[in-house]
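Data from query_12.txt: compact mmCIF, N, CA and C atoms
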# COMPACT_ATOMS: atom_id res chain seq x y z
N MET A 389 -78.60 -57.21 8.89
CA MET A 389 -79.28 -57.89 7.80
C MET A 389 -79.24 -59.40 8.01
N THR A 390 -78.12 -59.89 8.48
CA THR A 390 -78.00 -61.32 8.71
C THR A 390 -78.97 -61.78 9.80
N ALA A 391 -79.10 -60.99 10.86
CA ALA A 391 -80.02 -61.35 11.94
C ALA A 391 -81.47 -61.32 11.44
N LEU A 392 -81.82 -60.31 10.62
CA LEU A 392 -83.17 -60.25 10.07
C LEU A 392 -83.43 -61.45 9.16
N GLY A 393 -82.44 -61.81 8.35
CA GLY A 393 -82.57 -63.00 7.50
C GLY A 393 -82.76 -64.26 8.32
N GLY A 394 -82.07 -64.35 9.44
CA GLY A 394 -82.22 -65.51 10.32
C GLY A 394 -83.63 -65.60 10.90
N GLN A 395 -84.19 -64.45 11.29
CA GLN A 395 -85.56 -64.44 11.81
C GLN A 395 -86.55 -64.82 10.72
N ALA A 396 -86.36 -64.30 9.51
CA ALA A 396 -87.26 -64.64 8.40
C ALA A 396 -87.18 -66.13 8.09
N GLY A 397 -86.01 -66.71 8.21
CA GLY A 397 -85.82 -68.12 7.93
C GLY A 397 -86.47 -69.03 8.95
N GLU A 398 -86.78 -68.51 10.14
CA GLU A 398 -87.39 -69.32 11.19
C GLU A 398 -88.92 -69.20 11.23
N LEU A 399 -89.51 -68.43 10.32
CA LEU A 399 -90.96 -68.22 10.33
C LEU A 399 -91.75 -69.48 10.01
N ASP A 400 -91.21 -70.31 9.13
CA ASP A 400 -91.96 -71.48 8.65
C ASP A 400 -90.96 -72.52 8.18
N GLU A 401 -91.32 -73.79 8.28
CA GLU A 401 -90.39 -74.84 7.85
C GLU A 401 -90.31 -75.01 6.33
N HIS A 402 -91.31 -74.48 5.60
CA HIS A 402 -91.33 -74.66 4.15
C HIS A 402 -91.05 -73.38 3.37
N TRP A 403 -91.30 -72.21 3.98
CA TRP A 403 -91.20 -70.94 3.29
C TRP A 403 -90.31 -69.97 4.05
N THR A 404 -89.66 -69.08 3.31
CA THR A 404 -88.91 -67.98 3.91
C THR A 404 -89.17 -66.71 3.11
N VAL A 405 -88.71 -65.62 3.62
CA VAL A 405 -88.90 -64.33 2.96
C VAL A 405 -87.55 -63.69 2.73
N ASP A 406 -87.30 -63.30 1.50
CA ASP A 406 -86.12 -62.51 1.16
C ASP A 406 -86.57 -61.06 1.08
N PHE A 407 -85.68 -60.16 1.32
CA PHE A 407 -86.05 -58.75 1.32
C PHE A 407 -84.95 -57.92 0.69
N ALA A 408 -85.37 -56.81 0.13
CA ALA A 408 -84.44 -55.88 -0.51
C ALA A 408 -85.05 -54.49 -0.45
N ARG A 409 -84.24 -53.49 -0.66
CA ARG A 409 -84.73 -52.11 -0.69
C ARG A 409 -84.51 -51.56 -2.09
N GLN A 410 -85.57 -51.00 -2.66
CA GLN A 410 -85.49 -50.34 -3.96
C GLN A 410 -85.99 -48.92 -3.76
N ASP A 411 -85.08 -47.97 -3.74
CA ASP A 411 -85.39 -46.59 -3.41
C ASP A 411 -86.03 -46.56 -2.02
N ASP A 412 -87.25 -46.06 -1.90
CA ASP A 412 -87.92 -45.98 -0.60
C ASP A 412 -88.86 -47.14 -0.35
N THR A 413 -88.79 -48.17 -1.18
CA THR A 413 -89.70 -49.30 -1.07
C THR A 413 -88.94 -50.53 -0.59
N VAL A 414 -89.50 -51.20 0.43
CA VAL A 414 -88.94 -52.48 0.88
C VAL A 414 -89.70 -53.58 0.15
N VAL A 415 -88.97 -54.44 -0.54
CA VAL A 415 -89.57 -55.52 -1.33
C VAL A 415 -89.36 -56.84 -0.60
N HIS A 416 -90.47 -57.55 -0.37
CA HIS A 416 -90.43 -58.87 0.26
C HIS A 416 -90.71 -59.90 -0.82
N THR A 417 -89.88 -60.91 -0.90
CA THR A 417 -90.07 -61.97 -1.88
C THR A 417 -90.19 -63.30 -1.16
N LEU A 418 -91.33 -63.95 -1.33
CA LEU A 418 -91.58 -65.25 -0.72
C LEU A 418 -90.82 -66.30 -1.51
N ARG A 419 -90.10 -67.19 -0.80
CA ARG A 419 -89.31 -68.22 -1.47
C ARG A 419 -89.44 -69.54 -0.73
N GLY A 420 -89.70 -70.60 -1.50
CA GLY A 420 -89.77 -71.93 -0.91
C GLY A 420 -88.39 -72.38 -0.45
N LYS A 421 -88.35 -73.06 0.69
CA LYS A 421 -87.08 -73.57 1.21
C LYS A 421 -86.65 -74.86 0.52
N HIS A 422 -87.59 -75.49 -0.16
CA HIS A 422 -87.30 -76.74 -0.86
C HIS A 422 -88.23 -76.83 -2.06
N PRO A 423 -87.94 -77.69 -3.04
CA PRO A 423 -88.72 -77.75 -4.28
C PRO A 423 -90.19 -78.15 -4.11
N ARG A 424 -90.56 -78.77 -3.00
CA ARG A 424 -91.95 -79.21 -2.81
C ARG A 424 -92.72 -78.31 -1.85
N ALA A 425 -92.20 -77.15 -1.53
CA ALA A 425 -92.87 -76.25 -0.57
C ALA A 425 -94.30 -75.95 -1.00
N HIS A 426 -94.50 -75.70 -2.28
CA HIS A 426 -95.84 -75.37 -2.78
C HIS A 426 -96.81 -76.54 -2.69
N GLU A 427 -96.30 -77.76 -2.61
CA GLU A 427 -97.16 -78.93 -2.51
C GLU A 427 -97.53 -79.23 -1.06
N VAL A 428 -96.56 -79.15 -0.16
CA VAL A 428 -96.81 -79.52 1.23
C VAL A 428 -97.36 -78.36 2.05
N SER A 429 -97.19 -77.15 1.58
CA SER A 429 -97.70 -75.97 2.29
C SER A 429 -98.17 -74.94 1.27
N PRO A 430 -99.30 -75.21 0.59
CA PRO A 430 -99.75 -74.32 -0.48
C PRO A 430 -100.16 -72.94 0.05
N ILE A 431 -99.95 -71.96 -0.80
CA ILE A 431 -100.36 -70.58 -0.50
C ILE A 431 -101.35 -70.17 -1.58
N VAL A 432 -102.51 -69.68 -1.16
CA VAL A 432 -103.56 -69.27 -2.09
C VAL A 432 -103.86 -67.80 -1.85
N ILE A 433 -103.87 -67.02 -2.93
CA ILE A 433 -104.23 -65.61 -2.87
C ILE A 433 -105.54 -65.44 -3.63
N THR A 434 -106.55 -64.91 -2.95
CA THR A 434 -107.85 -64.69 -3.55
C THR A 434 -108.15 -63.20 -3.53
N MET A 435 -108.52 -62.67 -4.68
CA MET A 435 -108.91 -61.27 -4.76
C MET A 435 -110.40 -61.22 -5.04
N SER A 436 -111.11 -60.31 -4.38
CA SER A 436 -112.52 -60.14 -4.64
C SER A 436 -112.84 -58.66 -4.74
N GLY A 437 -113.94 -58.37 -5.38
CA GLY A 437 -114.33 -56.98 -5.55
C GLY A 437 -113.42 -56.24 -6.51
N ILE A 438 -112.98 -56.93 -7.57
CA ILE A 438 -112.06 -56.32 -8.53
C ILE A 438 -112.83 -55.44 -9.50
N GLY A 439 -112.33 -54.22 -9.68
CA GLY A 439 -112.88 -53.35 -10.70
C GLY A 439 -113.51 -52.12 -10.13
N PRO A 440 -113.96 -51.27 -10.96
CA PRO A 440 -113.78 -51.39 -12.41
C PRO A 440 -112.33 -51.08 -12.80
N LEU A 441 -111.85 -51.81 -13.79
CA LEU A 441 -110.50 -51.60 -14.30
C LEU A 441 -110.57 -50.81 -15.60
N GLY A 442 -109.57 -49.98 -15.81
CA GLY A 442 -109.47 -49.30 -17.08
C GLY A 442 -109.14 -50.30 -18.17
N PRO A 443 -109.36 -49.95 -19.44
CA PRO A 443 -109.11 -50.90 -20.53
C PRO A 443 -107.69 -51.44 -20.55
N GLU A 444 -106.70 -50.59 -20.28
CA GLU A 444 -105.30 -51.06 -20.30
C GLU A 444 -105.03 -52.03 -19.16
N GLN A 445 -105.58 -51.74 -17.97
CA GLN A 445 -105.39 -52.64 -16.84
C GLN A 445 -106.08 -53.97 -17.08
N ALA A 446 -107.31 -53.94 -17.58
CA ALA A 446 -108.05 -55.17 -17.84
C ALA A 446 -107.32 -56.03 -18.86
N GLU A 447 -106.77 -55.43 -19.88
CA GLU A 447 -106.02 -56.17 -20.90
C GLU A 447 -104.75 -56.76 -20.31
N ALA A 448 -104.04 -56.01 -19.46
CA ALA A 448 -102.81 -56.50 -18.84
C ALA A 448 -103.11 -57.71 -17.95
N VAL A 449 -104.20 -57.64 -17.18
CA VAL A 449 -104.60 -58.77 -16.33
C VAL A 449 -104.93 -59.98 -17.21
N ARG A 450 -105.68 -59.78 -18.27
CA ARG A 450 -106.05 -60.88 -19.16
C ARG A 450 -104.82 -61.53 -19.78
N ARG A 451 -103.88 -60.71 -20.24
CA ARG A 451 -102.66 -61.27 -20.85
C ARG A 451 -101.82 -62.02 -19.83
N SER A 452 -101.68 -61.45 -18.65
CA SER A 452 -100.83 -62.06 -17.63
C SER A 452 -101.43 -63.35 -17.09
N LEU A 453 -102.69 -63.30 -16.65
CA LEU A 453 -103.32 -64.48 -16.07
C LEU A 453 -103.78 -65.47 -17.14
N GLY A 454 -104.25 -64.97 -18.26
CA GLY A 454 -104.77 -65.84 -19.30
C GLY A 454 -103.70 -66.54 -20.11
N TYR A 455 -102.59 -65.83 -20.34
CA TYR A 455 -101.55 -66.37 -21.22
C TYR A 455 -100.18 -66.45 -20.58
N GLY A 456 -100.04 -65.96 -19.34
CA GLY A 456 -98.75 -66.03 -18.64
C GLY A 456 -97.69 -65.18 -19.30
N LEU A 457 -98.09 -64.08 -19.91
CA LEU A 457 -97.11 -63.24 -20.59
C LEU A 457 -96.17 -62.59 -19.59
N ASP A 458 -95.00 -62.31 -20.05
CA ASP A 458 -93.91 -61.78 -19.25
C ASP A 458 -94.03 -60.27 -19.12
N GLU A 459 -94.96 -59.82 -18.26
CA GLU A 459 -95.11 -58.39 -18.08
C GLU A 459 -95.54 -58.08 -16.65
N LYS A 460 -95.23 -56.87 -16.22
CA LYS A 460 -95.63 -56.42 -14.89
C LYS A 460 -97.05 -55.89 -14.96
N VAL A 461 -97.86 -56.22 -13.93
CA VAL A 461 -99.24 -55.75 -13.86
C VAL A 461 -99.42 -55.00 -12.54
N VAL A 462 -100.05 -53.84 -12.60
CA VAL A 462 -100.31 -53.05 -11.41
C VAL A 462 -101.81 -52.74 -11.33
N LEU A 463 -102.43 -53.11 -10.21
CA LEU A 463 -103.82 -52.75 -9.93
C LEU A 463 -103.76 -51.74 -8.78
N PRO A 464 -104.15 -50.49 -9.02
CA PRO A 464 -104.02 -49.46 -8.00
C PRO A 464 -104.99 -49.66 -6.84
N ARG A 465 -104.72 -48.96 -5.74
CA ARG A 465 -105.64 -48.99 -4.60
C ARG A 465 -107.05 -48.69 -5.08
N GLY A 466 -108.00 -49.41 -4.56
CA GLY A 466 -109.38 -49.21 -4.96
C GLY A 466 -109.82 -50.16 -6.06
N ALA A 467 -108.88 -50.74 -6.80
CA ALA A 467 -109.23 -51.67 -7.86
C ALA A 467 -109.52 -53.07 -7.30
N VAL A 468 -109.01 -53.36 -6.09
CA VAL A 468 -109.24 -54.65 -5.44
C VAL A 468 -109.93 -54.38 -4.11
N GLY A 469 -111.13 -54.94 -3.93
CA GLY A 469 -111.87 -54.72 -2.69
C GLY A 469 -111.24 -55.42 -1.51
N LYS A 470 -110.83 -56.68 -1.72
CA LYS A 470 -110.27 -57.48 -0.63
C LYS A 470 -109.31 -58.51 -1.20
N MET A 471 -108.20 -58.72 -0.51
CA MET A 471 -107.24 -59.77 -0.88
C MET A 471 -107.07 -60.66 0.34
N THR A 472 -107.30 -61.95 0.15
CA THR A 472 -107.19 -62.92 1.24
C THR A 472 -106.05 -63.88 0.92
N VAL A 473 -105.16 -64.08 1.88
CA VAL A 473 -104.05 -65.00 1.73
C VAL A 473 -104.26 -66.14 2.71
N THR A 474 -104.26 -67.37 2.20
CA THR A 474 -104.32 -68.55 3.07
C THR A 474 -103.03 -69.32 2.88
N GLY A 475 -102.58 -69.94 3.94
CA GLY A 475 -101.31 -70.67 3.91
C GLY A 475 -100.67 -70.64 5.28
N PRO A 476 -99.34 -70.58 5.32
CA PRO A 476 -98.63 -70.55 6.61
C PRO A 476 -99.11 -69.39 7.48
N ALA A 477 -99.08 -69.59 8.79
CA ALA A 477 -99.61 -68.61 9.75
C ALA A 477 -99.00 -67.22 9.59
N PHE A 478 -97.72 -67.14 9.24
CA PHE A 478 -97.09 -65.82 9.15
C PHE A 478 -97.58 -65.03 7.94
N LEU A 479 -98.26 -65.68 7.00
CA LEU A 479 -98.78 -65.01 5.81
C LEU A 479 -100.29 -64.85 5.81
N ALA A 480 -100.99 -65.79 6.43
CA ALA A 480 -102.45 -65.86 6.31
C ALA A 480 -103.12 -64.65 6.97
N ARG A 481 -103.85 -63.90 6.14
CA ARG A 481 -104.64 -62.77 6.64
C ARG A 481 -105.44 -62.18 5.50
N GLU A 482 -106.33 -61.27 5.88
CA GLU A 482 -107.15 -60.56 4.90
C GLU A 482 -106.64 -59.13 4.82
N HIS A 483 -106.54 -58.62 3.60
CA HIS A 483 -106.06 -57.25 3.37
C HIS A 483 -107.12 -56.47 2.60
N GLN A 484 -107.25 -55.19 2.93
CA GLN A 484 -108.11 -54.30 2.18
C GLN A 484 -107.31 -53.04 1.84
N ASP A 485 -107.79 -52.30 0.85
CA ASP A 485 -107.13 -51.07 0.42
C ASP A 485 -105.67 -51.33 0.07
N VAL A 486 -105.45 -52.26 -0.85
CA VAL A 486 -104.10 -52.62 -1.25
C VAL A 486 -103.86 -52.30 -2.72
N GLU A 487 -102.63 -52.01 -3.04
CA GLU A 487 -102.21 -51.94 -4.44
C GLU A 487 -101.62 -53.30 -4.77
N MET A 488 -102.08 -53.91 -5.86
CA MET A 488 -101.57 -55.22 -6.26
C MET A 488 -100.56 -55.05 -7.38
N ARG A 489 -99.40 -55.66 -7.22
CA ARG A 489 -98.37 -55.66 -8.26
C ARG A 489 -97.89 -57.09 -8.41
N TRP A 490 -97.86 -57.56 -9.63
CA TRP A 490 -97.17 -58.83 -9.84
C TRP A 490 -96.21 -58.66 -10.98
N HIS A 491 -95.07 -59.31 -10.79
CA HIS A 491 -93.95 -59.20 -11.71
C HIS A 491 -93.65 -60.58 -12.27
N PRO A 492 -93.04 -60.63 -13.42
CA PRO A 492 -92.65 -61.93 -13.97
C PRO A 492 -91.78 -62.71 -12.98
N ALA A 493 -92.07 -64.00 -12.83
CA ALA A 493 -91.32 -64.85 -11.91
C ALA A 493 -90.00 -65.26 -12.54
N GLU A 494 -89.06 -65.57 -11.69
CA GLU A 494 -87.79 -66.09 -12.17
C GLU A 494 -88.02 -67.50 -12.72
N ALA A 495 -87.45 -67.79 -13.84
CA ALA A 495 -87.60 -69.12 -14.44
C ALA A 495 -86.81 -70.14 -13.63
N ALA A 496 -87.33 -71.35 -13.55
CA ALA A 496 -86.65 -72.44 -12.84
C ALA A 496 -86.47 -73.60 -13.82
N PRO A 497 -85.45 -74.40 -13.62
CA PRO A 497 -85.18 -75.51 -14.55
C PRO A 497 -86.10 -76.70 -14.30
N LEU A 498 -87.38 -76.54 -14.66
CA LEU A 498 -88.35 -77.60 -14.39
C LEU A 498 -88.84 -78.29 -15.66
N ALA A 499 -88.35 -77.88 -16.82
CA ALA A 499 -88.81 -78.51 -18.07
C ALA A 499 -88.57 -80.02 -18.00
N GLY A 500 -89.56 -80.77 -18.49
CA GLY A 500 -89.48 -82.23 -18.47
C GLY A 500 -90.18 -82.85 -17.27
N MET A 501 -90.60 -82.03 -16.33
CA MET A 501 -91.30 -82.56 -15.15
C MET A 501 -92.77 -82.76 -15.45
N ASP A 502 -93.39 -83.72 -14.76
CA ASP A 502 -94.83 -83.93 -14.87
C ASP A 502 -95.55 -82.78 -14.17
N ALA A 503 -96.68 -82.39 -14.72
CA ALA A 503 -97.47 -81.30 -14.14
C ALA A 503 -98.94 -81.57 -14.37
N ASP A 504 -99.78 -81.06 -13.49
CA ASP A 504 -101.23 -81.14 -13.64
C ASP A 504 -101.77 -79.73 -13.73
N LEU A 505 -102.57 -79.47 -14.75
CA LEU A 505 -103.29 -78.21 -14.89
C LEU A 505 -104.66 -78.45 -14.28
N VAL A 506 -104.96 -77.74 -13.17
CA VAL A 506 -106.17 -77.98 -12.41
C VAL A 506 -107.01 -76.72 -12.38
N PHE A 507 -108.30 -76.86 -12.70
CA PHE A 507 -109.25 -75.77 -12.63
C PHE A 507 -110.12 -75.98 -11.39
N VAL A 508 -110.24 -74.93 -10.58
CA VAL A 508 -110.96 -75.03 -9.32
C VAL A 508 -112.06 -73.98 -9.29
N ASP A 509 -113.24 -74.40 -8.87
CA ASP A 509 -114.37 -73.49 -8.66
C ASP A 509 -114.64 -73.50 -7.17
N GLY A 510 -114.20 -72.46 -6.48
CA GLY A 510 -114.27 -72.46 -5.02
C GLY A 510 -113.26 -73.47 -4.51
N GLU A 511 -113.74 -74.51 -3.87
CA GLU A 511 -112.85 -75.56 -3.39
C GLU A 511 -113.03 -76.86 -4.17
N GLN A 512 -113.88 -76.85 -5.21
CA GLN A 512 -114.17 -78.04 -6.00
C GLN A 512 -113.35 -78.04 -7.29
N VAL A 513 -112.65 -79.13 -7.55
CA VAL A 513 -111.91 -79.28 -8.80
C VAL A 513 -112.91 -79.57 -9.91
N THR A 514 -112.92 -78.72 -10.95
CA THR A 514 -113.86 -78.91 -12.05
C THR A 514 -113.22 -79.63 -13.24
N ALA A 515 -111.90 -79.53 -13.36
CA ALA A 515 -111.21 -80.23 -14.43
C ALA A 515 -109.73 -80.35 -14.06
N SER A 516 -109.10 -81.42 -14.53
CA SER A 516 -107.69 -81.64 -14.27
C SER A 516 -107.08 -82.32 -15.48
N TYR A 517 -105.94 -81.79 -15.94
CA TYR A 517 -105.29 -82.33 -17.14
C TYR A 517 -103.83 -82.60 -16.84
N PRO A 518 -103.41 -83.88 -16.91
CA PRO A 518 -102.00 -84.19 -16.68
C PRO A 518 -101.17 -83.85 -17.93
N GLY A 519 -99.91 -83.57 -17.71
CA GLY A 519 -99.03 -83.27 -18.83
C GLY A 519 -97.59 -83.21 -18.38
N THR A 520 -96.73 -82.83 -19.29
CA THR A 520 -95.30 -82.67 -19.01
C THR A 520 -94.88 -81.29 -19.46
N LEU A 521 -94.14 -80.59 -18.61
CA LEU A 521 -93.65 -79.27 -18.98
C LEU A 521 -92.65 -79.38 -20.12
N GLN A 522 -92.94 -78.75 -21.21
CA GLN A 522 -92.03 -78.74 -22.36
C GLN A 522 -91.23 -77.44 -22.42
N HIS A 523 -91.85 -76.39 -21.90
CA HIS A 523 -91.21 -75.07 -21.90
C HIS A 523 -91.59 -74.37 -20.64
N LEU A 524 -90.68 -73.66 -20.08
CA LEU A 524 -90.97 -72.89 -18.87
C LEU A 524 -90.50 -71.48 -19.09
N GLY A 525 -91.42 -70.57 -18.98
CA GLY A 525 -91.07 -69.16 -19.14
C GLY A 525 -91.50 -68.38 -17.93
N ARG A 526 -91.42 -67.10 -18.04
CA ARG A 526 -91.81 -66.24 -16.95
C ARG A 526 -93.25 -65.80 -17.17
N GLY A 527 -93.97 -65.60 -16.08
CA GLY A 527 -95.34 -65.13 -16.22
C GLY A 527 -96.12 -65.28 -14.95

Is it possible to express this structure as structure tokens?
Amino acid sequence: MTALGGQAGELDEHWTVDFARQDDTVVHTLRGKHPRAHEVSPIVITMSGIGPLGPEQAEAVRRSLGYGLDEKVVLPRGAVGKMTVTGPAFLAREHQDVEMRWHPAEAAPLAGMDADLVFVDGEQVTASYPGTLQHLGRG
């Protein structure tokens, strides 16, 4: 395990991968090596061809992405046509026929930091709002 962790740690200067086993599933968790990893080496996940989703799935996606609610969302195989990951070379690729799961993130002590809420249409920024984090939750 230590040797595998060492190899994962050498994949990228800004990002590493932690791993665990839960029953028969191996879970990989991407983790920044430093607090600015997301700024100097951003990772973007784009999903296309989503749907049709059942009413419960559509509501869960809306709550999670729209409001950052603390809940697990599962999109089964066939619900996502294509998932594209851009970022460090060890992650960047296109995936098809995937099940998407996202879980609430671990909270970090970032309250009080400056933040920008940015809306992007393709690669064009359509709106940007500066602010300060007053509360940080999971979502």

Problem set entry | All residues 6.5 Å or closer to Ala503 of chain A, only N, CA and C atoms, same chain fewer than 6 positions away omitted, as a list in words |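 Contacts, in chain order: Tyr517, Pro518, Gly519, Thr520 and Leu521 of chain A.
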
Taking N, CA and C atoms for each residue, export the selection above as a CSV table (one decimal), in the frame of the given file.
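Result saved to again-v9.csv:
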chain,number,residue,atom,x,y,z
A,517,TYR,N,-105.9,-81.8,-15.9
A,517,TYR,CA,-105.3,-82.3,-17.1
A,517,TYR,C,-103.8,-82.6,-16.8
A,518,PRO,N,-103.4,-83.9,-16.9
A,518,PRO,CA,-102.0,-84.2,-16.7
A,518,PRO,C,-101.2,-83.8,-17.9
A,519,GLY,N,-99.9,-83.6,-17.7
A,519,GLY,CA,-99.0,-83.3,-18.8
A,519,GLY,C,-97.6,-83.2,-18.4
A,520,THR,N,-96.7,-82.8,-19.3
A,520,THR,CA,-95.3,-82.7,-19.0
A,520,THR,C,-94.9,-81.3,-19.5
A,521,LEU,N,-94.1,-80.6,-18.6
A,521,LEU,CA,-93.6,-79.3,-19.0
A,521,LEU,C,-92.6,-79.4,-20.1

For this session: Fewer than 6 positions away in the same chain doesn't count, so skip those; otherwise give me all residues within 8 Å of Thr472 of chain A, counting all atoms listed in the file, as a PyMOL selection string.
Result: chain A and resi 432-436+479-484

For this session: State, in Å with one decimal place, the distance from atom CA of Thr390 of chain A to atom CA of Phe478 of chain A.
Result: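 Pair atom CA of Thr390 of chain A / atom CA of Phe478 of chain A returns 19.6 Å.
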
For this session: Pull the helix (DSSP H, G or I) assignments for segment 445-478 of chain A out of DSSP run on the backbone, and list those residues as a PyMOL selection string.
Result: chain A and resi 445-455

For this session: Excluding Lys460 of chain A and residues on its chain fewer than 4 positions from it, collect all residues at most 7 Å away from it, counting all atoms listed in the file, and give them as a PyMOL selection string.
Result: chain A and resi 448+489-492

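Across the structure, atom CA of Arg450 of chain A and atom CA of Gly466 of chain A are spaced 18.7 Å apart.
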
For this session: Record the distance separating atom CA of Arg424 of chain A and atom CA of Ala391 of chain A, expressed in Å with one decimal.
Result: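 Rounded to one decimal, the two atoms are 26.1 Å apart.
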
For this session: Enumerate the residues of segment 444-482 of chain A with a DSSP assignment of strand (DSSP E or B), computed from the backbone, and present them as a ChimeraX atom specification.
Result: /A:461-463,470-474,481-482

Exercise. Residues at most 8 Å from Gln445 of chain A, counting only N, CA and C atoms, excluding those fewer than 3 positions away in the same chain, as a VMD selection string?
Worked result: chain A and resid 441 to 442 448 to 451 461 to 463

Exercise. Which is closer to His402 of chain A than all the others in A:Ala425, A:Ile431, A:Ile438, A:Val468, using only N, CA and C atoms?
Worked result: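 Closest residue, counting only N, CA and C atoms: A:Ala425.
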
Problem set entry | Nearest-residue call for Met488 of chain A, choices A:Met501, A:Ala467, A:Val473, A:Val405, using only C-alpha atoms |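 Smallest distance to Met488 of chain A is found for A:Ala467.
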
Exercise. Quick one: of A:Pro464, A:Leu399, A:Val513, A:Glu447, who's nearest to Val486 of chain A, counting only C-alpha atoms?
Worked result: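 Closest residue, counting only C-alpha atoms: A:Pro464.
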
Residue completion, segment 389-400 of chain A, N, CA, C and O atoms, as a compact mmCIF listing (two decimals), in the frame of the given file:
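New file rebuild.txt:
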# COMPACT_ATOMS: atom_id res chain seq x y z
N MET A 389 -78.60 -57.21 8.89
CA MET A 389 -79.28 -57.89 7.80
C MET A 389 -79.24 -59.40 8.01
O MET A 389 -80.23 -60.07 7.73
N THR A 390 -78.12 -59.89 8.48
CA THR A 390 -78.00 -61.32 8.71
C THR A 390 -78.97 -61.78 9.80
O THR A 390 -79.63 -62.82 9.66
N ALA A 391 -79.10 -60.99 10.86
CA ALA A 391 -80.02 -61.35 11.94
C ALA A 391 -81.47 -61.32 11.44
O ALA A 391 -82.26 -62.20 11.78
N LEU A 392 -81.82 -60.31 10.62
CA LEU A 392 -83.17 -60.25 10.07
C LEU A 392 -83.43 -61.45 9.16
O LEU A 392 -84.49 -62.06 9.21
N GLY A 393 -82.44 -61.81 8.35
CA GLY A 393 -82.57 -63.00 7.50
C GLY A 393 -82.76 -64.26 8.32
O GLY A 393 -83.54 -65.14 7.95
N GLY A 394 -82.07 -64.35 9.44
CA GLY A 394 -82.22 -65.51 10.32
C GLY A 394 -83.63 -65.60 10.90
O GLY A 394 -84.21 -66.68 10.97
N GLN A 395 -84.19 -64.45 11.29
CA GLN A 395 -85.56 -64.44 11.81
C GLN A 395 -86.55 -64.82 10.72
O GLN A 395 -87.49 -65.58 10.97
N ALA A 396 -86.36 -64.30 9.51
CA ALA A 396 -87.26 -64.64 8.40
C ALA A 396 -87.18 -66.13 8.09
O ALA A 396 -88.19 -66.76 7.76
N GLY A 397 -86.01 -66.71 8.21
CA GLY A 397 -85.82 -68.12 7.93
C GLY A 397 -86.47 -69.03 8.95
O GLY A 397 -86.70 -70.21 8.68
N GLU A 398 -86.78 -68.51 10.14
CA GLU A 398 -87.39 -69.32 11.19
C GLU A 398 -88.92 -69.20 11.23
O GLU A 398 -89.57 -69.82 12.06
N LEU A 399 -89.51 -68.43 10.32
CA LEU A 399 -90.96 -68.22 10.33
C LEU A 399 -91.75 -69.48 10.01
O LEU A 399 -92.84 -69.69 10.52
N ASP A 400 -91.21 -70.31 9.13
CA ASP A 400 -91.96 -71.48 8.65
C ASP A 400 -90.96 -72.52 8.18
O ASP A 400 -89.86 -72.18 7.72
